[in-house]
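Structure file query-v1.cif with mmCIF, C-alpha atoms:
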data_data
#
loop_
_atom_site.label_atom_id
_atom_site.label_comp_id
_atom_site.auth_asym_id
_atom_site.auth_seq_id
_atom_site.Cartn_x
_atom_site.Cartn_y
_atom_site.Cartn_z
CA MET A 33 -21.26 -120.47 -160.35
CA THR A 34 -18.23 -119.38 -158.32
CA GLU A 35 -18.00 -115.64 -157.76
CA GLN A 36 -15.00 -113.79 -159.10
CA ILE A 37 -11.84 -113.84 -157.01
CA ASP A 38 -9.01 -111.34 -157.37
CA PHE A 39 -5.37 -111.75 -156.34
CA VAL A 40 -3.42 -108.89 -154.76
CA VAL A 41 0.37 -109.08 -154.52
CA LEU A 42 2.80 -106.53 -153.02
CA TRP A 43 6.25 -106.02 -154.52
CA VAL A 44 9.28 -103.79 -154.01
CA ASP A 45 12.70 -103.80 -155.62
CA GLY A 46 15.12 -103.21 -152.78
CA THR A 47 18.03 -102.91 -155.24
CA ASP A 48 16.64 -99.77 -156.88
CA PRO A 49 19.10 -96.89 -156.10
CA ASP A 50 16.35 -94.25 -156.13
CA TRP A 51 14.26 -96.28 -153.70
CA GLN A 52 17.30 -96.86 -151.47
CA LYS A 53 18.03 -93.13 -151.43
CA GLU A 54 14.46 -92.28 -150.46
CA ARG A 55 14.42 -94.96 -147.77
CA ALA A 56 17.73 -93.67 -146.34
CA TYR A 57 16.24 -90.17 -146.14
CA TYR A 58 13.33 -91.33 -143.96
CA ILE A 59 14.92 -94.20 -142.04
CA LEU A 60 15.00 -93.93 -138.27
CA LYS A 61 18.25 -94.36 -136.37
CA GLU A 62 16.52 -96.80 -134.05
CA LYS A 63 14.34 -99.22 -135.99
CA ASP A 64 12.57 -102.43 -135.07
CA ASN A 65 13.57 -105.70 -136.67
CA GLY A 66 10.63 -105.53 -139.06
CA SER A 67 12.45 -102.81 -141.01
CA THR A 68 15.92 -104.28 -141.46
CA SER A 69 17.44 -104.27 -144.94
CA ASN A 70 16.91 -108.00 -145.55
CA ARG A 71 13.15 -107.34 -145.54
CA TYR A 72 13.58 -105.65 -148.92
CA ARG A 73 16.04 -108.00 -150.62
CA ASN A 74 15.23 -108.83 -154.22
CA TRP A 75 15.33 -112.61 -154.66
CA GLU A 76 14.52 -112.26 -158.38
CA LEU A 77 11.73 -114.81 -158.07
CA MET A 78 8.70 -112.70 -158.94
CA GLN A 79 8.34 -114.08 -162.47
CA TYR A 80 7.74 -117.50 -160.90
CA TRP A 81 4.89 -116.05 -158.87
CA PHE A 82 3.18 -115.13 -162.14
CA ARG A 83 4.00 -118.48 -163.71
CA GLY A 84 2.39 -120.18 -160.73
CA VAL A 85 -0.74 -118.08 -161.08
CA GLU A 86 -1.03 -118.79 -164.80
CA GLN A 87 -0.37 -122.51 -164.48
CA PHE A 88 -2.18 -123.31 -161.23
CA ALA A 89 -4.88 -120.59 -160.90
CA SER A 90 -5.86 -119.61 -164.43
CA TRP A 91 -9.39 -119.01 -163.12
CA VAL A 92 -8.34 -115.84 -161.25
CA HIS A 93 -10.40 -112.80 -162.25
CA ARG A 94 -7.75 -110.08 -161.94
CA VAL A 95 -4.25 -109.67 -160.55
CA PHE A 96 -3.51 -106.40 -158.73
CA PHE A 97 0.24 -105.75 -158.63
CA VAL A 98 0.84 -103.20 -155.86
CA THR A 99 4.02 -101.13 -156.12
CA ASN A 100 5.44 -97.71 -155.29
CA GLY A 101 6.00 -97.20 -159.04
CA GLN A 102 8.66 -99.83 -159.68
CA ILE A 103 7.82 -102.36 -162.37
CA PRO A 104 9.94 -105.40 -163.25
CA LYS A 105 11.56 -105.05 -166.66
CA TRP A 106 10.13 -108.35 -167.79
CA LEU A 107 6.49 -107.71 -166.75
CA ASN A 108 3.90 -107.61 -169.53
CA VAL A 109 1.89 -104.62 -168.36
CA LYS A 110 -0.63 -105.17 -171.18
CA HIS A 111 -1.81 -108.54 -169.88
CA PRO A 112 -5.65 -108.27 -169.79
CA LYS A 113 -5.92 -109.56 -166.20
CA LEU A 114 -3.13 -107.41 -164.79
CA ARG A 115 -3.72 -104.14 -162.94
CA ILE A 116 -0.74 -102.06 -161.82
CA VAL A 117 -1.61 -100.23 -158.59
CA LEU A 118 0.52 -97.39 -157.24
CA HIS A 119 0.52 -96.62 -153.53
CA GLU A 120 -0.70 -93.11 -154.28
CA GLU A 121 -3.82 -94.48 -155.97
CA TYR A 122 -5.32 -95.78 -152.74
CA ILE A 123 -3.23 -94.66 -149.74
CA PRO A 124 -3.84 -91.05 -148.59
CA LYS A 125 -0.92 -88.85 -149.57
CA GLN A 126 -0.16 -87.73 -145.99
CA PHE A 127 1.10 -91.28 -145.28
CA LEU A 128 3.40 -91.46 -148.31
CA PRO A 129 6.03 -92.45 -149.03
CA THR A 130 5.75 -95.52 -146.85
CA PHE A 131 8.13 -98.43 -146.42
CA ASN A 132 5.76 -100.16 -144.01
CA SER A 133 4.00 -103.19 -145.50
CA ASN A 134 1.38 -102.95 -142.75
CA VAL A 135 0.31 -99.55 -144.01
CA ILE A 136 0.28 -100.75 -147.61
CA GLU A 137 -1.98 -103.66 -146.62
CA LEU A 138 -4.37 -101.85 -144.26
CA TRP A 139 -5.71 -99.62 -147.07
CA LEU A 140 -6.24 -102.35 -149.69
CA HIS A 141 -10.02 -101.94 -149.70
CA ARG A 142 -9.51 -98.57 -151.42
CA ILE A 143 -7.87 -100.07 -154.50
CA PRO A 144 -10.00 -99.06 -157.50
CA ASP A 145 -12.05 -101.94 -158.99
CA LEU A 146 -10.88 -104.49 -156.39
CA GLY A 147 -13.54 -107.18 -156.00
CA GLU A 148 -15.30 -108.20 -152.79
CA GLN A 149 -13.41 -111.50 -152.67
CA PHE A 150 -9.64 -111.26 -152.91
CA VAL A 151 -6.54 -113.18 -151.88
CA LEU A 152 -3.57 -111.27 -150.50
CA PHE A 153 -0.05 -112.47 -151.33
CA ASN A 154 3.29 -111.12 -150.21
CA ASP A 155 6.04 -111.43 -152.80
CA ASP A 156 7.51 -114.40 -150.93
CA MET A 157 4.33 -116.50 -151.29
CA PHE A 158 4.04 -118.78 -154.31
CA LEU A 159 1.53 -121.20 -155.79
CA THR A 160 3.38 -124.45 -156.37
CA ALA A 161 0.56 -126.88 -157.24
CA PRO A 162 -2.96 -126.58 -158.72
CA VAL A 163 -5.48 -124.66 -156.63
CA CYS A 164 -9.19 -124.08 -157.16
CA PRO A 165 -11.44 -121.22 -156.06
CA GLU A 166 -12.78 -123.40 -153.22
CA ASP A 167 -9.30 -123.45 -151.69
CA PHE A 168 -9.83 -119.75 -150.90
CA PHE A 169 -13.59 -119.12 -150.70
CA GLN A 170 -16.64 -121.32 -150.12
CA LYS A 171 -20.23 -120.11 -149.90
CA ARG A 172 -18.93 -116.53 -150.21
CA MET A 173 -16.85 -117.01 -147.06
CA PRO A 174 -13.04 -116.93 -146.79
CA CYS A 175 -11.28 -120.21 -146.06
CA ASP A 176 -9.07 -120.04 -142.97
CA SER A 177 -7.85 -121.90 -139.89
CA ALA A 178 -9.01 -120.74 -136.45
CA LEU A 179 -5.99 -121.81 -134.45
CA MET A 180 -5.55 -120.13 -131.09
CA ASP A 181 -2.00 -119.40 -130.00
CA ILE A 182 0.07 -117.44 -127.47
CA ALA A 183 2.11 -114.38 -128.44
CA THR A 184 5.72 -114.85 -127.41
CA ALA A 185 8.85 -112.80 -128.14
CA PRO A 186 12.08 -114.64 -129.01
CA HIS A 187 14.08 -111.39 -128.86
CA PRO A 188 13.60 -107.97 -127.19
CA LYS A 189 13.74 -106.20 -130.56
CA ASP A 190 11.23 -108.50 -132.24
CA CYS A 191 8.32 -106.28 -133.23
CA PHE A 192 5.95 -108.97 -134.48
CA PRO A 193 4.64 -110.22 -131.11
CA HIS A 194 3.83 -106.60 -130.25
CA MET A 195 1.82 -106.30 -133.46
CA MET A 196 -0.16 -109.43 -132.59
CA ILE A 197 -0.92 -108.06 -129.13
CA ASN A 198 -2.00 -104.77 -130.68
CA ASN A 199 -4.33 -106.64 -133.04
CA PHE A 200 -5.91 -108.60 -130.24
CA ALA A 201 -6.29 -105.62 -127.95
CA VAL A 202 -8.75 -104.50 -130.63
CA ILE A 203 -10.28 -107.96 -131.12
CA ASN A 204 -10.90 -108.48 -127.40
CA GLN A 205 -12.65 -105.13 -127.23
CA HIS A 206 -15.16 -106.17 -129.87
CA PHE A 207 -15.59 -109.91 -129.27
CA ARG A 208 -16.09 -112.11 -126.23
CA LYS A 209 -13.96 -115.21 -126.60
CA LYS A 210 -16.43 -117.55 -124.91
CA GLU A 211 -19.27 -116.43 -127.17
CA VAL A 212 -17.16 -116.60 -130.34
CA ILE A 213 -16.16 -120.20 -129.67
CA LYS A 214 -19.69 -121.20 -128.64
CA ARG A 215 -21.15 -119.82 -131.87
CA ASN A 216 -18.49 -121.53 -133.99
CA LEU A 217 -17.73 -124.77 -132.15
CA HIS A 218 -17.51 -126.82 -135.36
CA LYS A 219 -15.03 -124.30 -136.84
CA PHE A 220 -12.74 -124.15 -133.81
CA TYR A 221 -12.89 -127.86 -133.11
CA THR A 222 -12.54 -129.70 -136.39
CA LEU A 223 -10.34 -132.66 -137.30
CA ARG A 224 -9.17 -130.64 -140.31
CA TYR A 225 -6.67 -128.99 -137.96
CA GLY A 226 -5.02 -132.31 -137.12
CA VAL A 227 -2.71 -132.17 -134.09
CA ASP A 228 -3.10 -128.37 -133.95
CA LEU A 229 -6.60 -128.97 -132.62
CA LEU A 230 -5.03 -129.74 -129.22
CA ARG A 231 -3.86 -126.14 -128.94
CA ASN A 232 -7.44 -124.90 -129.23
CA VAL A 233 -8.53 -127.32 -126.50
CA CYS A 234 -5.76 -126.19 -124.15
CA LEU A 235 -6.26 -122.45 -124.69
CA ALA A 236 -10.06 -122.43 -124.60
CA PRO A 237 -10.39 -121.85 -120.79
CA PHE A 238 -8.47 -118.55 -120.81
CA ARG A 239 -10.68 -115.47 -120.73
CA TYR A 240 -9.19 -113.52 -123.64
CA PHE A 241 -7.76 -114.38 -127.02
CA SER A 242 -3.98 -113.98 -127.05
CA CYS A 243 -3.66 -114.39 -130.81
CA PHE A 244 -4.43 -116.72 -133.67
CA ARG A 245 -1.61 -118.60 -135.34
CA ASP A 246 -0.80 -117.11 -138.70
CA SER A 247 0.27 -119.59 -141.34
CA HIS A 248 2.19 -116.99 -143.39
CA LEU A 249 0.33 -118.13 -146.49
CA PRO A 250 -1.97 -116.32 -148.94
CA SER A 251 -4.89 -114.78 -147.02
CA SER A 252 -8.50 -114.81 -148.20
CA TYR A 253 -10.38 -111.58 -147.53
CA LEU A 254 -13.69 -109.86 -148.02
CA LYS A 255 -13.28 -106.22 -148.90
CA SER A 256 -16.31 -105.46 -146.74
CA THR A 257 -14.39 -106.70 -143.68
CA PHE A 258 -11.76 -104.01 -144.23
CA VAL A 259 -14.49 -101.40 -144.57
CA LYS A 260 -16.14 -102.54 -141.34
CA VAL A 261 -12.92 -102.54 -139.31
CA TRP A 262 -12.05 -99.08 -140.61
CA GLN A 263 -15.49 -97.84 -139.57
CA GLU A 264 -15.01 -99.28 -136.08
CA GLU A 265 -11.33 -98.54 -135.45
CA GLY A 266 -10.29 -95.93 -138.00
CA GLU A 267 -8.37 -93.88 -135.44
CA ILE A 268 -6.07 -96.78 -134.55
CA LEU A 269 -5.52 -97.65 -138.20
CA GLU A 270 -4.70 -94.06 -139.14
CA ARG A 271 -2.27 -93.82 -136.24
CA CYS A 272 -0.49 -96.91 -137.54
CA SER A 273 -0.41 -95.39 -141.03
CA GLN A 274 1.85 -92.63 -139.73
CA ASN A 275 4.65 -95.17 -139.21
CA ARG A 276 6.75 -95.13 -142.38
CA PHE A 277 8.52 -98.29 -141.19
CA ARG A 278 7.17 -101.32 -139.37
CA SER A 279 7.24 -100.85 -135.62
CA LYS A 280 6.02 -102.25 -132.31
CA THR A 281 3.05 -99.87 -132.34
CA ASP A 282 1.61 -101.23 -135.60
CA VAL A 283 -1.50 -103.25 -136.21
CA THR A 284 -1.53 -105.49 -139.28
CA HIS A 285 -3.84 -106.87 -141.94
CA TRP A 286 -4.13 -109.96 -139.70
CA LEU A 287 -6.54 -107.85 -137.67
CA MET A 288 -8.99 -108.18 -140.58
CA LYS A 289 -8.35 -111.93 -140.76
CA CYS A 290 -8.99 -112.34 -137.03
CA TRP A 291 -12.10 -110.18 -137.29
CA GLN A 292 -13.50 -112.51 -139.96
CA ILE A 293 -12.77 -115.51 -137.76
CA CYS A 294 -14.41 -113.99 -134.69
CA GLU A 295 -17.49 -113.11 -136.71
CA GLY A 296 -17.63 -116.74 -137.82
CA ASN A 297 -17.37 -115.51 -141.37
CA PHE A 298 -15.02 -118.23 -142.60
CA VAL A 299 -14.87 -121.88 -143.63
CA ALA A 300 -12.44 -124.06 -141.66
CA ARG A 301 -9.53 -125.17 -143.82
CA SER A 302 -6.84 -127.78 -143.23
CA THR A 303 -3.51 -126.39 -142.16
CA GLY A 304 -1.69 -128.75 -144.51
CA TRP A 305 -2.60 -127.11 -147.82
CA GLY A 306 0.51 -124.93 -147.71
CA HIS A 307 3.75 -124.49 -145.80
CA HIS A 308 5.85 -121.66 -144.40
CA PHE A 309 9.63 -121.99 -144.69
CA GLU A 310 12.30 -119.88 -142.99
CA LEU A 311 15.19 -119.49 -145.42
CA TRP A 312 17.71 -119.22 -142.58
CA GLU A 313 16.39 -122.12 -140.56
CA ASP A 314 14.98 -124.76 -142.90
CA ASP A 315 17.20 -126.89 -145.08
CA VAL A 316 17.31 -125.37 -148.55
CA GLU A 317 17.62 -128.76 -150.21
CA GLN A 318 14.39 -129.82 -148.52
CA ILE A 319 12.67 -126.63 -149.67
CA CYS A 320 13.78 -127.20 -153.25
CA HIS A 321 12.54 -130.79 -153.12
CA CYS A 322 9.12 -129.61 -151.91
CA LEU A 323 8.95 -127.08 -154.75
CA GLU A 324 9.90 -129.53 -157.47
CA THR A 325 7.60 -132.31 -156.25
CA LYS A 326 4.63 -129.95 -155.74
CA LYS A 327 4.27 -131.17 -152.17
CA TYR A 328 2.26 -128.10 -151.14
CA ARG A 329 -0.25 -125.99 -153.03
CA ALA A 330 1.31 -122.80 -151.68
CA VAL A 331 4.54 -121.93 -149.91
CA CYS A 332 6.02 -118.92 -148.15
CA LEU A 333 9.79 -118.49 -148.44
CA ASN A 334 10.40 -116.10 -145.58
CA ASP A 335 13.61 -114.04 -145.49
CA SER A 336 13.97 -113.01 -141.85
CA LYS A 337 17.71 -113.08 -141.15
CA GLU A 338 20.49 -110.93 -142.55
CA GLU A 339 23.33 -113.40 -141.96
CA ILE A 340 22.62 -116.01 -144.63
CA ASP A 341 24.37 -117.08 -147.81
CA PHE A 342 21.96 -115.02 -149.88
CA GLU A 343 23.49 -115.59 -153.33
CA GLU A 344 23.83 -119.35 -152.88
CA ILE A 345 20.29 -119.80 -151.57
CA ARG A 346 18.86 -117.58 -154.29
CA LYS A 347 20.61 -119.63 -156.99
CA LYS A 348 19.26 -122.91 -155.63
CA LEU A 349 15.72 -121.54 -155.37
CA LYS A 350 15.83 -120.13 -158.90
CA ASP A 351 17.06 -123.45 -160.26
CA SER A 352 14.18 -125.29 -158.60
CA PHE A 353 11.61 -122.77 -159.78
CA GLU A 354 13.00 -123.12 -163.31
CA ARG A 355 12.44 -126.85 -163.13
CA LEU A 356 8.91 -126.29 -161.83
CA PHE A 357 8.11 -123.53 -164.33
CA PRO A 358 10.44 -123.90 -167.34
CA GLU A 359 8.30 -121.78 -169.68
CA PRO A 360 7.61 -118.03 -169.40
CA SER A 361 4.03 -117.01 -168.69
CA LEU A 362 1.92 -114.57 -170.67
CA TYR A 363 2.55 -112.13 -167.81
CA GLU A 364 6.14 -111.86 -169.08
CA GLU A 365 7.46 -109.97 -172.06
CA THR A 366 9.07 -112.17 -174.72
CA GLY A 367 11.99 -109.72 -174.82
CA VAL A 368 13.35 -108.07 -171.69
CA ARG A 369 12.77 -104.34 -171.67
CA GLY A 370 15.77 -102.10 -171.43
CA LYS A 371 14.62 -100.10 -168.44
CA THR A 372 12.30 -100.12 -165.45
CA TYR A 373 9.05 -98.55 -166.63
CA GLU A 374 7.10 -95.99 -164.67
CA ILE A 375 3.37 -95.67 -165.10
CA GLY A 376 2.71 -93.22 -167.93
CA ASP A 377 5.87 -93.98 -169.90
#

Target encoding structure tokens, full file:
Amino acid sequence: MTEQIDFVVLWVDGTDPDWQKERAYYILKEKDNGSTSNRYRNWELMQYWFRGVEQFASWVHRVFFVTNGQIPKWLNVKHPKLRIVLHEEYIPKQFLPTFNSNVIELWLHRIPDLGEQFVLFNDDMFLTAPVCPEDFFQKRMPCDSALMDIATAPHPKDCFPHMMINNFAVINQHFRKKEVIKRNLHKFYTLRYGVDLLRNVCLAPFRYFSCFRDSHLPSSYLKSTFVKVWQEEGEILERCSQNRFRSKTDVTHWLMKCWQICEGNFVARSTGWGHHFELWEDDVEQICHCLETKKYRAVCLNDSKEEIDFEEIRKKLKDSFERLFPEPSLYEETGVRGKTYEIGD
């Protein structure tokens, strides 16, 4: 019998005037590119996330919807599998309010009633074809791809390479690369990785890990991994939690993912089960075709540039999602509520 698996998804409505006012109060004059306004744009696609879960992952145990208190008007808060989680319920109050997704993710293990096995989604990650529990966990181990990579910065203000280096400064303190690979040869060198296997071969001789490639897809986690990393490196994680906005000094939840890989606590998974799209770089027509034909089991639709035709792209994506999911899910109210509900209303 497969053990219960929870889904965790983070959401924010960047169009909310109250949220915008609070963000403006705390925003720094000089901010890294991980905190630009496009990071909070509301694509109005969240209902399709729930439709994907209902249609393609009905086996999920619970869905934890993490929010600062905003709730979509259409969301059926009485759905038996749904848990609304406020930041204040699990993040210590001295770090709130936060607009830093890294902080929101680093404390996930403190969410009340969250199971040992959970899958973390950002609100730009969608299920677009049937998935089974074994796509995420096998033999009580997370499914993942151990693909070594090199951290590079395409722009001086790009904060993400710095975050990867910060993660691996911790990883290299706790794990010896040579020993990790030796213990897990069949997980680092498997034909499941396809052509990406060559990268592992080329990077193996270097003494330290630079980083692992992140697929920008739903991440499988053990809650106990978060607990262990916090026990080992709580000071670093608390220091990061002081950053209300993403910055070059952050570590990320990928630290937990990399920790699991270095412990060998994962099952090697093909890299082709999902796909990461850049909405400013990839052809939108191609993206829509992939959605409607269910080419991938999961996709990430990453919004990383401000200068795009936002309204036109959003319309095309919504049209394709409507063709993929024409019927509302039970996570949606049959009638749209007249206001945004706060917990306790």

Check your understanding: What does the PyMOL selection byres ((chain A and resi 81-93) around 8) select in this file, as number ranges by chain?
Key -> A: 36-39, 77-80, 94-95, 113, 155, 157-165, 357, 360-363

**Study point:** Between atom CA of A:Trp106 and atom CA of A:Val41, distance in Å (one decimal)
**Key:** 16.5 Å

Practice item. Please evaluate the PyMOL selection byres ((chain A and resi 119-132) around 9) against the structure above and give the resulting residues as a PyMOL selection string. Key: chain A and resi 54-55+58+66-67+98-101+117-118+133-137+139-144+270+273-279

Practice item. Go through A:Trp312, A:Phe207, A:Phe298, A:Trp75 one by one, measure the shortest atom-to-atom distance of each to A:Pro174 using only C-alpha atoms, and give the residue with the smallest value. Key: A:Phe298

Point to revise | Given the PyMOL selection byres ((chain A and resi 169) around 12), the residues it picks as an MDAnalysis selection string | key: chainID A and resid 34:38 148:151 163:168 170:176 251:254 297:301

**Study point:** Using all atoms listed in the file: which of A:Gly46, A:Gly147, A:Gly296, A:Gly304 has the shortest distance to A:Val227
**Key:**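 Ranked by minimum distance to A:Val227, first place goes to A:Gly304.
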
Practice item. Go ahead and compute the interatomic distance for atom CA of A:Phe353 and atom CA of A:Asp335, in Å to one decimal. Key: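 Interatomic distance, atom CA of A:Phe353 to atom CA of A:Asp335: 16.9 Å.
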